[in-house]
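This is upload-v3.cif (mmCIF, C-alpha atoms).
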```
data_upload
loop_
_atom_site.group_PDB
_atom_site.id
_atom_site.type_symbol
_atom_site.label_atom_id
_atom_site.label_comp_id
_atom_site.auth_asym_id
_atom_site.auth_seq_id
_atom_site.Cartn_x
_atom_site.Cartn_y
_atom_site.Cartn_z
ATOM 1 C CA MET A 1 0.000 0.000 0.000
ATOM 2 C CA PRO A 2 1.187 3.167 -0.936
ATOM 3 C CA VAL A 3 1.934 5.594 1.882
ATOM 4 C CA ARG A 4 0.054 8.692 1.695
ATOM 5 C CA ARG A 5 1.932 11.874 2.207
ATOM 6 C CA TRP A 6 0.415 14.981 3.632
ATOM 7 C CA PRO A 7 1.315 18.174 2.007
ATOM 8 C CA ALA A 8 3.863 20.146 4.050
ATOM 9 C CA CYS A 9 1.660 23.186 4.284
ATOM 10 C CA LEU A 10 -1.041 21.231 6.117
ATOM 11 C CA TRP A 11 1.089 20.194 9.039
ATOM 12 C CA LEU A 12 3.310 23.322 8.978
ATOM 13 C CA ALA A 13 0.410 25.822 9.177
ATOM 14 C CA PRO A 14 -0.999 24.586 12.562
ATOM 15 C CA LEU A 15 2.496 24.354 13.962
ATOM 16 C CA LEU A 16 3.277 27.971 12.987
ATOM 17 C CA ALA A 17 -0.086 29.141 14.308
ATOM 18 C CA CYS A 18 0.598 27.539 17.702
ATOM 19 C CA GLY A 19 4.106 28.935 17.783
ATOM 20 C CA LEU A 20 3.030 32.467 16.948
ATOM 21 C CA THR A 21 0.158 32.501 19.420
ATOM 22 C CA ALA A 22 2.531 31.404 22.183
ATOM 23 C CA CYS A 23 4.688 34.518 21.586
ATOM 24 C CA ALA A 24 3.508 37.341 23.808
ATOM 25 C CA VAL A 25 3.925 40.777 22.281
ATOM 26 C CA SER A 26 5.024 43.474 24.704
ATOM 27 C CA ASP A 27 6.110 47.083 24.293
ATOM 28 C CA ASP A 28 9.094 46.427 26.560
ATOM 29 C CA PRO A 29 12.037 45.526 24.303
ATOM 30 C CA ARG A 30 13.500 43.306 27.025
ATOM 31 C CA GLN A 31 10.394 41.129 27.137
ATOM 32 C CA GLY A 32 8.694 41.387 23.748
ATOM 33 C CA GLY A 33 11.228 39.686 21.584
ATOM 34 C CA LEU A 34 11.474 40.487 17.900
ATOM 35 C CA PHE A 35 7.780 41.144 17.353
ATOM 36 C CA GLY A 36 7.547 43.186 20.536
ATOM 37 C CA GLY A 37 10.518 45.309 19.470
ATOM 38 C CA ILE A 38 9.026 45.922 16.047
ATOM 39 C CA SER A 39 5.691 46.746 17.661
ATOM 40 C CA GLY A 40 7.367 49.152 20.123
ATOM 41 C CA LEU A 41 9.233 50.936 17.334
ATOM 42 C CA THR A 42 6.191 51.297 15.105
ATOM 43 C CA SER A 43 3.789 52.369 17.859
ATOM 44 C CA GLY A 44 6.218 54.939 19.347
ATOM 45 C CA SER A 45 6.150 53.384 22.838
ATOM 46 C CA TYR A 46 9.872 52.704 22.685
ATOM 47 C CA GLN A 47 10.548 56.406 22.034
ATOM 48 C CA GLN A 48 8.180 57.309 24.894
ATOM 49 C CA ARG A 49 10.165 55.070 27.231
ATOM 50 C CA LEU A 50 13.411 56.712 26.075
ATOM 51 C CA ASP A 51 11.933 60.186 26.593
ATOM 52 C CA GLN A 52 10.680 59.214 30.049
ATOM 53 C CA ARG A 53 14.093 57.886 31.031
ATOM 54 C CA GLN A 54 15.775 61.052 29.706
ATOM 55 C CA GLN A 55 13.395 63.183 31.800
ATOM 56 C CA GLN A 56 14.310 61.128 34.869
ATOM 57 C CA ILE A 57 18.015 61.633 34.154
ATOM 58 C CA TRP A 58 17.521 65.395 33.780
ATOM 59 C CA ALA A 59 15.566 65.512 37.052
ATOM 60 C CA VAL A 60 18.362 63.689 38.859
ATOM 61 C CA ASP A 61 20.941 66.015 37.276
ATOM 62 C CA ARG A 62 18.962 69.072 38.440
ATOM 63 C CA ALA A 63 18.667 67.610 41.941
ATOM 64 C CA ASN A 64 22.420 66.961 42.002
ATOM 65 C CA ALA A 65 23.160 70.506 40.836
ATOM 66 C CA ASP A 66 20.835 71.913 43.511
ATOM 67 C CA ALA A 67 22.469 69.762 46.162
ATOM 68 C CA ALA A 68 25.936 70.887 45.045
ATOM 69 C CA ALA A 69 24.897 74.544 45.169
ATOM 70 C CA ASN A 70 23.371 74.015 48.604
ATOM 71 C CA GLN A 71 26.537 72.323 49.808
ATOM 72 C CA ALA A 72 28.691 75.167 48.487
ATOM 73 C CA GLN A 73 26.484 77.710 50.267
ATOM 74 C CA GLN A 74 26.696 75.766 53.521
ATOM 75 C CA GLU A 75 30.472 75.519 53.222
ATOM 76 C CA ALA A 76 30.659 79.282 52.660
ATOM 77 C CA ASP A 77 28.461 79.835 55.731
ATOM 78 C CA ILE A 78 30.696 77.577 57.795
ATOM 79 C CA ALA A 79 33.804 79.441 56.621
ATOM 80 C CA ALA A 80 32.199 82.778 57.517
ATOM 81 C CA ARG A 81 31.237 81.486 60.956
ATOM 82 C CA ARG A 82 34.732 80.180 61.549
ATOM 83 C CA ALA A 83 36.202 83.538 60.579
ATOM 84 C CA GLU A 84 33.783 85.309 62.918
ATOM 85 C CA LEU A 85 34.626 82.861 65.690
ATOM 86 C CA ALA A 86 38.349 83.493 65.157
ATOM 87 C CA ARG A 87 37.761 87.247 65.318
ATOM 88 C CA LEU A 88 35.722 86.878 68.511
ATOM 89 C CA SER A 89 38.363 84.630 70.019
ATOM 90 C CA GLY A 90 40.969 87.303 69.281
ATOM 91 C CA ASN A 91 38.782 89.885 71.014
ATOM 92 C CA VAL A 92 38.388 87.583 74.001
ATOM 93 C CA ALA A 93 42.165 87.121 74.197
ATOM 94 C CA LYS A 94 42.670 90.893 74.157
ATOM 95 C CA LEU A 95 40.037 91.334 76.851
ATOM 96 C CA GLN A 96 41.634 88.608 78.945
ATOM 97 C CA ALA A 97 45.049 90.251 78.661
ATOM 98 C CA SER A 98 43.570 93.618 79.606
ATOM 99 C CA ALA A 99 41.709 92.102 82.560
ATOM 100 C CA ASP A 100 44.869 90.346 83.744
ATOM 101 C CA ARG A 101 46.816 93.596 83.514
ATOM 102 C CA LEU A 102 44.137 95.432 85.487
ATOM 103 C CA ASN A 103 44.048 92.667 88.046
ATOM 104 C CA ARG A 104 47.822 92.871 88.545
ATOM 105 C CA GLN A 105 47.692 96.650 88.877
ATOM 106 C CA ALA A 106 44.794 96.455 91.305
ATOM 107 C CA ALA A 107 46.648 93.822 93.338
ATOM 108 C CA ALA A 108 49.721 96.072 93.474
ATOM 109 C CA LEU A 109 47.628 99.033 94.611
ATOM 110 C CA THR A 110 45.740 96.916 97.100
ATOM 111 C CA ALA A 111 48.979 95.681 98.581
ATOM 112 C CA ALA A 112 50.276 99.251 98.815
ATOM 113 C CA ASN A 113 47.013 100.689 100.135
ATOM 114 C CA SER A 114 45.256 97.753 101.769
ATOM 115 C CA GLY A 115 42.672 99.846 103.589
ATOM 116 C CA GLN A 116 41.040 101.546 100.622
ATOM 117 C CA ASP A 117 37.501 100.465 99.847
ATOM 118 C CA GLU A 118 37.523 101.897 96.354
ATOM 119 C CA LEU A 119 40.376 99.685 95.266
ATOM 120 C CA GLN A 120 38.647 96.651 96.725
ATOM 121 C CA GLN A 121 35.458 97.520 94.830
ATOM 122 C CA LEU A 122 37.493 97.912 91.661
ATOM 123 C CA ARG A 123 39.110 94.525 92.231
ATOM 124 C CA THR A 124 35.673 92.973 92.815
ATOM 125 C CA ARG A 125 34.375 94.455 89.582
ATOM 126 C CA ILE A 126 37.449 93.244 87.715
ATOM 127 C CA THR A 127 36.922 89.745 89.104
ATOM 128 C CA ALA A 128 33.251 89.843 88.098
ATOM 129 C CA THR A 129 34.249 90.991 84.618
ATOM 130 C CA GLN A 130 36.775 88.165 84.391
ATOM 131 C CA ARG A 131 34.092 85.688 85.450
ATOM 132 C CA LYS A 132 31.768 87.014 82.756
ATOM 133 C CA LEU A 133 34.624 86.800 80.295
ATOM 134 C CA GLY A 134 35.231 83.159 81.263
ATOM 135 C CA ASP A 135 31.534 82.422 80.803
ATOM 136 C CA LEU A 136 31.661 84.075 77.408
ATOM 137 C CA GLN A 137 34.693 81.997 76.419
ATOM 138 C CA ALA A 138 32.831 78.832 77.380
ATOM 139 C CA LYS A 139 29.807 79.993 75.439
ATOM 140 C CA ILE A 140 31.915 80.680 72.336
ATOM 141 C CA ALA A 141 33.584 77.294 72.624
ATOM 142 C CA SER A 142 30.291 75.424 73.023
ATOM 143 C CA SER A 143 28.216 77.080 70.343
ATOM 144 C CA THR A 144 28.823 79.161 67.277
ATOM 145 C CA SER A 145 25.166 79.644 66.426
ATOM 146 C CA ASP A 146 24.784 82.830 68.470
ATOM 147 C CA LEU A 147 27.833 84.667 67.164
ATOM 148 C CA LYS A 148 26.165 88.061 67.000
ATOM 149 C CA GLU A 149 24.925 87.801 70.577
ATOM 150 C CA SER A 150 28.373 86.767 71.746
ATOM 151 C CA GLN A 151 29.929 89.616 69.782
ATOM 152 C CA GLN A 152 27.625 92.119 71.493
ATOM 153 C CA GLU A 153 28.528 90.689 74.883
ATOM 154 C CA VAL A 154 32.233 90.893 74.053
ATOM 155 C CA GLU A 155 31.830 94.495 72.988
ATOM 156 C CA ALA A 156 29.921 95.296 76.188
ATOM 157 C CA LEU A 157 32.627 93.639 78.282
ATOM 158 C CA ASN A 158 35.289 95.504 76.329
ATOM 159 C CA ALA A 159 33.525 98.799 77.063
ATOM 160 C CA GLU A 160 33.254 97.840 80.759
ATOM 161 C CA LEU A 161 36.958 97.012 80.929
ATOM 162 C CA GLU A 162 37.887 100.265 79.231
ATOM 163 C CA ARG A 163 35.714 102.161 81.705
ATOM 164 C CA LEU A 164 37.332 100.310 84.594
ATOM 165 C CA GLN A 165 40.775 101.089 83.169
ATOM 166 C CA ASP A 166 39.883 104.765 82.996
ATOM 167 C CA ILE A 167 38.698 104.710 86.628
ATOM 168 C CA TYR A 168 41.795 102.854 87.638
ATOM 169 C CA LEU A 169 44.106 105.231 85.794
ATOM 170 C CA SER A 170 42.372 108.260 87.268
ATOM 171 C CA MET A 171 42.695 106.759 90.753
ATOM 172 C CA THR A 172 46.388 106.012 90.304
ATOM 173 C CA LYS A 173 47.110 109.524 89.032
ATOM 174 C CA THR A 174 45.428 111.177 92.035
ATOM 175 C CA ARG A 175 47.434 109.122 94.477
#
```

Starting from the coordinates I provided, produce the structure as structure tokens.
Amino acid sequence: MPVRRWPACLWLAPLLACGLTACAVSDDPRQGGLFGGISGLTSGSYQQRLDQRQQQIWAVDRANADAAANQAQQEADIAARRAELARLSGNVAKLQASADRLNRQAAALTAANSGQDELQQLRTRITATQRKLGDLQAKIASSTSDLKESQQEVEALNAELERLQDIYLSMTKTR
């Protein structure tokens, strides 16, 4: 008996139909395969994905630029605060030296004229000023956030010391 042959197109057509229906078409080029890629290119979804990704990159670049500018501003603020702190520390050192000098002079006068109440009051005020100065030094060391307030206090203490020096000098000249 002769063997009957089926035409190739009859058994190839259902096989191709099953194979093509098993292929899922997706706009994502990583998942869609050849047909998905062609579909993504022709429909424009691939270009939309590229545009969306580019927008995300630009947003991240803008955020990075903003962060860099913010960091630069903060570094400039820190440098300014450090400079102000150094200036205030120099003022404190000058005030301390002046207070020490006044204290030595008052001690010398007190030793020479131990019974004078005015010299004792002056010494007490100098000691109080030194105590305030020490408190101010501790405040400067512990916090730099209130630099203007500390500067005003330093200036007030400087004025007080100058006034005390004037009193002291006038007292020493009359003696």

Item to complete: Find, counting only C-alpha atoms, the residue in A:Glu149, A:Glu155, A:Asp51, A:Asp135 that gets nearest to Leu95 of chain A.
Response: A:Glu155

Discussion item. As an exercise, work out the distance from atom CA of Glu162 of chain A to atom CA of Ala108 of chain A in Å and give it to one decimal place.
Written reply: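 Atom-to-atom, atom CA of Glu162 of chain A to atom CA of Ala108 of chain A, that is 19.0 Å.
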
Worksheet item: How far is it from atom CA of Leu88 of chain A to atom CA of Gly134 of chain A, in Å with one decimal?
Response: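 Separation between atom CA of Leu88 of chain A and atom CA of Gly134 of chain A: 13.3 Å.
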
Item to complete: Run the PyMOL selection byres ((chain A and resi 167) around 12) mentally over the shown coordinates, then write out the matched residues as a list in words, using the chain letters and numbers from the document.
Response: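 Applied to this file, the PyMOL selection byres ((chain A and resi 167) around 12) returns Leu102, Ala106, Glu118, Leu119, Gln121, Leu122, Arg123, Arg125, Ile126, Glu160, Leu161, Glu162, Arg163, Leu164, Gln165, Asp166, Tyr168, Leu169, Ser170, Met171, Thr172, Lys173 and Thr174 of chain A.
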
Dump of C-alpha atoms for the selected residues, as a short mmCIF file (atom, residue, chain, number, x, y, z; two decimals), in the coordinates of the input:
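Resulting contents of out32.cif:
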```
data_model
loop_
_atom_site.label_atom_id
_atom_site.label_comp_id
_atom_site.auth_asym_id
_atom_site.auth_seq_id
_atom_site.Cartn_x
_atom_site.Cartn_y
_atom_site.Cartn_z
CA LEU A 102 44.14 95.43 85.49
CA ALA A 106 44.79 96.46 91.30
CA GLU A 118 37.52 101.90 96.35
CA LEU A 119 40.38 99.68 95.27
CA GLN A 121 35.46 97.52 94.83
CA LEU A 122 37.49 97.91 91.66
CA ARG A 123 39.11 94.52 92.23
CA ARG A 125 34.38 94.46 89.58
CA ILE A 126 37.45 93.24 87.72
CA GLU A 160 33.25 97.84 80.76
CA LEU A 161 36.96 97.01 80.93
CA GLU A 162 37.89 100.26 79.23
CA ARG A 163 35.71 102.16 81.70
CA LEU A 164 37.33 100.31 84.59
CA GLN A 165 40.78 101.09 83.17
CA ASP A 166 39.88 104.76 83.00
CA TYR A 168 41.80 102.85 87.64
CA LEU A 169 44.11 105.23 85.79
CA SER A 170 42.37 108.26 87.27
CA MET A 171 42.70 106.76 90.75
CA THR A 172 46.39 106.01 90.30
CA LYS A 173 47.11 109.52 89.03
CA THR A 174 45.43 111.18 92.04
#
```

Practice prompt. Have a look at atom CA of Thr124 of chain A and atom CA of Ser98 of chain A and let me know their distance in Å, one decimal.
Written response: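 Distance between the two atoms: 15.4 Å.
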
Discussion item. Let me make sure I understand: among A:Ala159, A:Ile140, A:Ala99, A:Val154, which one has the smallest atom-to-atom distance to Arg82 of chain A if we use all atoms listed in the file?
Written reply: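 That would be A:Ile140, the residue with the smallest distance to Arg82 of chain A.
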
Worksheet entry | Among listed residues A:Gln71, A:Asn103, A:Gln56, A:Asn91, nearest Gln137 of chain A (using all atoms listed in the file) |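 So, comparing all the options, the nearest one is A:Asn91.
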
Using all atoms of segment 125-143 of chain A that appear in the file, construct an axis-aligned enclosing box with 6 Å of padding on every side and provide its centre coordinates and edge lengths in Å, rounded to one decimal, as JSON.
```
{"center_x": 32.8, "center_y": 84.9, "center_z": 80.0, "size_x": 21.2, "size_y": 31.0, "size_z": 31.2}
```
